[in-house]
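What follows is a short report on a single structure.
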Amino acid sequence: MLTVLLATLLAAIPTAASAGQLVVELRPEATLEAGRVRLGDLAAVSGGEPAVAARLRALDLGPTPPPGSTREITRAYIASRLAQLRLEPQAIAWRGAERTRVATKVNRLPGSALARAAAAHLRRLLPWPDEDLVVEVRQAPADLTFVGPTDGLKVQVGVTPGTRLLGAVQCAVTVTRAGQLVARTNVVLTVRVFQNLVVARRRIRQGQVLTKDDVRLQRCELKSLTTEALSDLGEVLGREARHDIQPFALITRRMLRAPRVVRRGAVVNLVAETRLMKITARGVAQQDGSVGQWIPVVNIDSRKVVYGRVRDGETVEVSF
């Protein structure tokens with residue numbers, strides 16, 4: 001009955017605004033940020049006392065509809081809310097639409113932008129310079145939709161502790177506003193690392209001491225974070241191959257050792273000395289040895305086996 005009465009009253013309102021009368025011109029549609037609907041969101045308000053017009057624009061007409069749905073606000077409904085302002089329906093001249101269809105604005109964060117944020121974050125975590133890195137989007141997320149203003153949004157990217165930061169890497173992307181969760185998604189990236197590494201030019205035999213003719217630097221992709229591949233020729237040249245190395249193989253620390261300067265069966269000088277005395281003897285090496293390595297040696301005079309540290313190709317130091 002109230003709606004019918006209000007409609008009757010509205011029909012009796014003159015179409016032409018009288019002097020000093022408020023004029024409300026409704027729009028047929030309005031898309032608003034999530035929150036409360038105000039009359040000023042739906043209509044142009046003019047005429048009348050400025051203070052009264054401002055109060056009319058601020059008139060609360062209830063909440064915005066859920067995302068994906070709409071809400072119709074009619075002249076009759078607006079008239080029913082005028083009591084809040086102590087205004088009579090006759091104080092308003094209506095223009096425009098009979099009703100306004102209200103929708104809630106749905107904002108969108110492009111998945112491509114989230115992927116770029118994840119890639120930038122990952123580059124900051126990685127220990128290699130940018131020129132050695134290729135970070136590509138392997139699985140881009142869908143665009144994120146949300147309601148509410150876009151101001152104050154904060155995008156945070158995280159990687160689970162212990163994640164292997166090579167190959168496929170999943171990043172968690174969280175969007176917040178004022179500490180409140182807005183949206184969450186995942187981005188999968190591919191991380192590739194390229195470095196100048198030492199490779200074999202040709203086949204290298206076990207026991208061979210490496211020279212510049214045997215190795216070179218080559219741009220290669222790292223396949224593991226734990227690789228022992230070497231990037232400095234200075235760490236390779238002059239070292240000895242522990243086993244055969246095939247052409248084009250990456251050279252790792254495990255493949256090399258200090259060159260052996262003493263060979264098994266070689267006659268060496270045994271030296272034992274302190275600040276006060278020095279004793280020398282002749283001995284026979286019982287195994288190959290590198291500088292600094294401890295090897296067994298048979299004392300030729302006593303026929304006893306002693307252990308000493310290789311000083312050079314002719315000398316083994318023993319302790320008292």
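Each chain in the structure tokens gets a letter, A, B, ..., in the order shown, and its residues are numbered from 1; ligands are numbered from 1 in order too.
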
Q | Residue contacts of stretch 231-239 of chain A (10 Å, only C-alpha atoms) excluding same-chain residues fewer than 6 positions away, as a list in words | A | Gln195, Asn196, Leu197, Val198, Val199, Gly207, Gln208, Val209, Leu210, Thr211, Lys212, Asp213, Asp214, Val215, Arg216, Leu217, Gln218, Arg219, Leu250, Ile251, Thr252, Arg253, Met255, Leu256, Arg257, Ala258, Pro259 and Arg260 of chain A

**Q.** d(atom CA of A:Ala115, atom CA of A:Leu32) in Å
**A.** 28.4 Å

(Q) If DSSP is run on the backbone, what residues of stretch 97-275 of chain A are alpha helix (DSSP H)? A reply as a ChimeraX atom specification would be ideal. (A) /A:111-125

Q: Go through A:Leu109, A:Leu126, A:Ala249, A:Ala103 and flag the residue nearest A:Leu42, using only C-alpha atoms for the distances.
A: A:Ala103

Q. Distance atom CA of A:Leu133-atom CA of A:Ile245, one decimal place?
A. 28.4 Å

Distance query A:Thr31 at most 7 Å, only C-alpha atoms, self and fewer than 6 positions along chain excluded, as a short mmCIF file (atom, residue, chain, number, x, y, z; two decimals) with C-alpha atoms, in the first residue's frame:
```cif
data_model
loop_
_atom_site.label_atom_id
_atom_site.label_comp_id
_atom_site.auth_asym_id
_atom_site.auth_seq_id
_atom_site.Cartn_x
_atom_site.Cartn_y
_atom_site.Cartn_z
CA VAL A 102 23.01 -0.63 -10.29
CA ALA A 103 25.94 -3.00 -10.79
CA THR A 104 29.06 -3.44 -8.70
CA LYS A 105 32.31 -2.61 -10.46
#
```

Q | Pairwise distance for atom CA of A:Val262 and atom CA of A:Glu314, rounded to one decimal in Å | A | 7.2 Å

Q.
Under the rule that only C-alpha atoms are counted, which of A:Asp244, A:Glu25, A:Glu221, A:Glu317 is the nearest residue to A:Ala93?
A. A:Glu25

Using only C-alpha atoms, I'd like a table of the residues in stretch 177-271 of chain A that come within 10 Å of stretch 158-173 of chain A; for each, show the closest atom pair and its distance in Å rounded to one decimal, ordered by chain and ascending number, as a tab-separated table.
```
residue	atom	partner	partner_atom	distance
A:Ala183	CA	A:Val173	CA	8.5
A:Arg184	CA	A:Val173	CA	5.8
A:Thr185	CA	A:Val173	CA	5.3
A:Asn186	CA	A:Ala172	CA	4.6
A:Val187	CA	A:Cys171	CA	5.2
A:Val188	CA	A:Gln170	CA	4.4
A:Leu189	CA	A:Val169	CA	5.2
A:Thr190	CA	A:Ala168	CA	4.5
A:Val191	CA	A:Gly167	CA	4.9
A:Arg192	CA	A:Gly167	CA	6.2
A:Val193	CA	A:Leu166	CA	7.8
A:Leu222	CA	A:Leu166	CA	8.7
A:Lys223	CA	A:Leu166	CA	7.8
A:Ser224	CA	A:Leu166	CA	7.2
A:Leu225	CA	A:Leu166	CA	7.1
```

Q. Hey, which of A:Ala142, A:Ala43, A:Leu230, A:Ala241 ends up closest to A:Thr100? Count only C-alpha atoms.
A. A:Ala43

(Q) Could you pull out the strand (DSSP E) residues of stretch 107-136 of chain A, going by DSSP on the backbone, and write them as a PyMOL selection string? (A) chain A and resi 107-109+133-136

Let's have the selection written as an mmCIF file, in the first residue's frame, with C-alpha atoms.
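Generated output (part-v1.cif):
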```cif
data_model
loop_
_atom_site.group_PDB
_atom_site.id
_atom_site.type_symbol
_atom_site.label_atom_id
_atom_site.label_comp_id
_atom_site.auth_asym_id
_atom_site.auth_seq_id
_atom_site.Cartn_x
_atom_site.Cartn_y
_atom_site.Cartn_z
ATOM 1 C CA ASN A 107 38.274 -4.580 -11.094
ATOM 2 C CA ARG A 108 40.840 -6.702 -12.842
ATOM 3 C CA LEU A 109 44.539 -7.351 -12.317
ATOM 4 C CA LEU A 133 69.748 -15.270 -16.493
ATOM 5 C CA VAL A 134 66.717 -16.110 -18.599
ATOM 6 C CA VAL A 135 63.450 -16.032 -16.613
ATOM 7 C CA GLU A 136 60.400 -16.980 -18.667
#
```

**Q.** Nearby residues (only C-alpha atoms) at most 10 Å from A:Val316, same-chain spacing under 4 positions excluded, as a VMD selection string
**A.** chain A and resid 262 268 to 272 280 282 to 283 285 289 291 to 297 307 to 312

Please save N, CA and C atoms of the selected residues as a PDB file, in the first residue's frame.
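Output (part12.pdb):
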```
ATOM      1  N   VAL A 262     105.726 -37.468  -7.718  1.00  0.00           N
ATOM      2  CA  VAL A 262     106.473 -38.661  -7.314  1.00  0.00           C
ATOM      3  C   VAL A 262     105.717 -39.883  -7.817  1.00  0.00           C
ATOM      4  N   VAL A 268     113.576 -41.479  -3.623  1.00  0.00           N
ATOM      5  CA  VAL A 268     113.421 -40.107  -3.139  1.00  0.00           C
ATOM      6  C   VAL A 268     114.303 -39.890  -1.919  1.00  0.00           C
ATOM      7  N   ASN A 269     114.484 -38.633  -1.593  1.00  0.00           N
ATOM      8  CA  ASN A 269     115.219 -38.274  -0.379  1.00  0.00           C
ATOM      9  C   ASN A 269     114.238 -38.144   0.773  1.00  0.00           C
ATOM     10  N   LEU A 270     114.492 -38.889   1.847  1.00  0.00           N
ATOM     11  CA  LEU A 270     113.712 -38.757   3.067  1.00  0.00           C
ATOM     12  C   LEU A 270     114.402 -37.721   3.948  1.00  0.00           C
ATOM     13  N   VAL A 271     113.631 -36.734   4.402  1.00  0.00           N
ATOM     14  CA  VAL A 271     114.204 -35.659   5.208  1.00  0.00           C
ATOM     15  C   VAL A 271     113.389 -35.510   6.482  1.00  0.00           C
ATOM     16  N   ALA A 272     114.111 -35.547   7.624  1.00  0.00           N
ATOM     17  CA  ALA A 272     113.491 -35.269   8.922  1.00  0.00           C
ATOM     18  C   ALA A 272     114.339 -34.205   9.592  1.00  0.00           C
ATOM     19  N   THR A 280     118.820 -37.180   6.883  1.00  0.00           N
ATOM     20  CA  THR A 280     118.407 -37.542   5.528  1.00  0.00           C
ATOM     21  C   THR A 280     118.680 -39.023   5.303  1.00  0.00           C
ATOM     22  N   ARG A 282     117.747 -42.312   2.060  1.00  0.00           N
ATOM     23  CA  ARG A 282     117.173 -42.605   0.750  1.00  0.00           C
ATOM     24  C   ARG A 282     116.015 -43.570   0.943  1.00  0.00           C
ATOM     25  N   GLY A 283     114.975 -43.418   0.096  1.00  0.00           N
ATOM     26  CA  GLY A 283     113.822 -44.293   0.221  1.00  0.00           C
ATOM     27  C   GLY A 283     113.175 -44.537  -1.126  1.00  0.00           C
ATOM     28  N   ALA A 285     109.494 -44.781  -3.007  1.00  0.00           N
ATOM     29  CA  ALA A 285     108.057 -44.438  -2.887  1.00  0.00           C
ATOM     30  C   ALA A 285     107.204 -45.668  -3.176  1.00  0.00           C
ATOM     31  N   GLY A 289     102.466 -39.760  -5.728  1.00  0.00           N
ATOM     32  CA  GLY A 289     102.135 -38.697  -4.781  1.00  0.00           C
ATOM     33  C   GLY A 289     102.223 -37.318  -5.402  1.00  0.00           C
ATOM     34  N   VAL A 291     102.294 -32.958  -4.564  1.00  0.00           N
ATOM     35  CA  VAL A 291     102.859 -32.066  -3.553  1.00  0.00           C
ATOM     36  C   VAL A 291     101.855 -31.904  -2.418  1.00  0.00           C
ATOM     37  N   GLY A 292     102.338 -32.121  -1.183  1.00  0.00           N
ATOM     38  CA  GLY A 292     101.486 -32.002  -0.011  1.00  0.00           C
ATOM     39  C   GLY A 292     100.809 -33.292   0.404  1.00  0.00           C
ATOM     40  N   GLN A 293     100.862 -34.306  -0.450  1.00  0.00           N
ATOM     41  CA  GLN A 293     100.193 -35.582  -0.142  1.00  0.00           C
ATOM     42  C   GLN A 293     101.109 -36.470   0.706  1.00  0.00           C
ATOM     43  N   TRP A 294     100.483 -37.220   1.645  1.00  0.00           N
ATOM     44  CA  TRP A 294     101.229 -38.175   2.466  1.00  0.00           C
ATOM     45  C   TRP A 294     101.265 -39.515   1.755  1.00  0.00           C
ATOM     46  N   ILE A 295     102.483 -40.099   1.664  1.00  0.00           N
ATOM     47  CA  ILE A 295     102.639 -41.394   0.976  1.00  0.00           C
ATOM     48  C   ILE A 295     103.561 -42.295   1.805  1.00  0.00           C
ATOM     49  N   PRO A 296     103.443 -43.605   1.630  1.00  0.00           N
ATOM     50  CA  PRO A 296     104.382 -44.520   2.303  1.00  0.00           C
ATOM     51  C   PRO A 296     105.695 -44.642   1.495  1.00  0.00           C
ATOM     52  N   VAL A 297     106.790 -44.685   2.213  1.00  0.00           N
ATOM     53  CA  VAL A 297     108.119 -44.803   1.594  1.00  0.00           C
ATOM     54  C   VAL A 297     108.917 -45.853   2.379  1.00  0.00           C
ATOM     55  N   TYR A 307     105.923 -42.917   6.717  1.00  0.00           N
ATOM     56  CA  TYR A 307     104.994 -42.066   5.973  1.00  0.00           C
ATOM     57  C   TYR A 307     105.506 -40.632   5.993  1.00  0.00           C
ATOM     58  N   GLY A 308     105.484 -40.023   4.840  1.00  0.00           N
ATOM     59  CA  GLY A 308     105.957 -38.656   4.744  1.00  0.00           C
ATOM     60  C   GLY A 308     105.120 -37.845   3.761  1.00  0.00           C
ATOM     61  N   ARG A 309     105.328 -36.536   3.807  1.00  0.00           N
ATOM     62  CA  ARG A 309     104.589 -35.625   2.934  1.00  0.00           C
ATOM     63  C   ARG A 309     105.488 -35.192   1.784  1.00  0.00           C
ATOM     64  N   VAL A 310     104.941 -35.275   0.581  1.00  0.00           N
ATOM     65  CA  VAL A 310     105.717 -34.945  -0.612  1.00  0.00           C
ATOM     66  C   VAL A 310     105.994 -33.441  -0.634  1.00  0.00           C
ATOM     67  N   ARG A 311     107.305 -33.082  -0.674  1.00  0.00           N
ATOM     68  CA  ARG A 311     107.688 -31.676  -0.791  1.00  0.00           C
ATOM     69  C   ARG A 311     107.845 -31.288  -2.257  1.00  0.00           C
ATOM     70  N   ASP A 312     108.496 -32.155  -3.043  1.00  0.00           N
ATOM     71  CA  ASP A 312     108.678 -31.934  -4.485  1.00  0.00           C
ATOM     72  C   ASP A 312     108.910 -33.291  -5.124  1.00  0.00           C
TER      73      ASP A 312
END
```

For stretch 179-182 of chain A, work out the shell of residues within 10 Å, counting only C-alpha atoms and skipping chain neighbours fewer than 4 positions away, then give it as a PDB file with C-alpha atoms, in the first residue's frame.
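Final file, out_37.pdb:
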```pdb
ATOM      1  CA  LEU A 144      42.458 -11.690 -11.013  1.00  0.00           C
ATOM      2  CA  THR A 145      39.069 -10.055 -10.442  1.00  0.00           C
ATOM      3  CA  PHE A 146      38.058  -8.262  -7.266  1.00  0.00           C
ATOM      4  CA  VAL A 147      35.710  -5.614  -5.959  1.00  0.00           C
ATOM      5  CA  GLY A 148      36.723  -2.442  -4.233  1.00  0.00           C
ATOM      6  CA  GLY A 152      46.411   0.907  -1.966  1.00  0.00           C
ATOM      7  CA  LEU A 153      46.825  -2.539  -3.506  1.00  0.00           C
ATOM      8  CA  LYS A 154      50.014  -4.364  -2.524  1.00  0.00           C
ATOM      9  CA  VAL A 155      51.367  -7.295  -4.524  1.00  0.00           C
ATOM     10  CA  THR A 174      49.190 -12.440  -2.919  1.00  0.00           C
ATOM     11  CA  VAL A 175      47.307  -9.165  -3.387  1.00  0.00           C
TER      12      VAL A 175
END
```
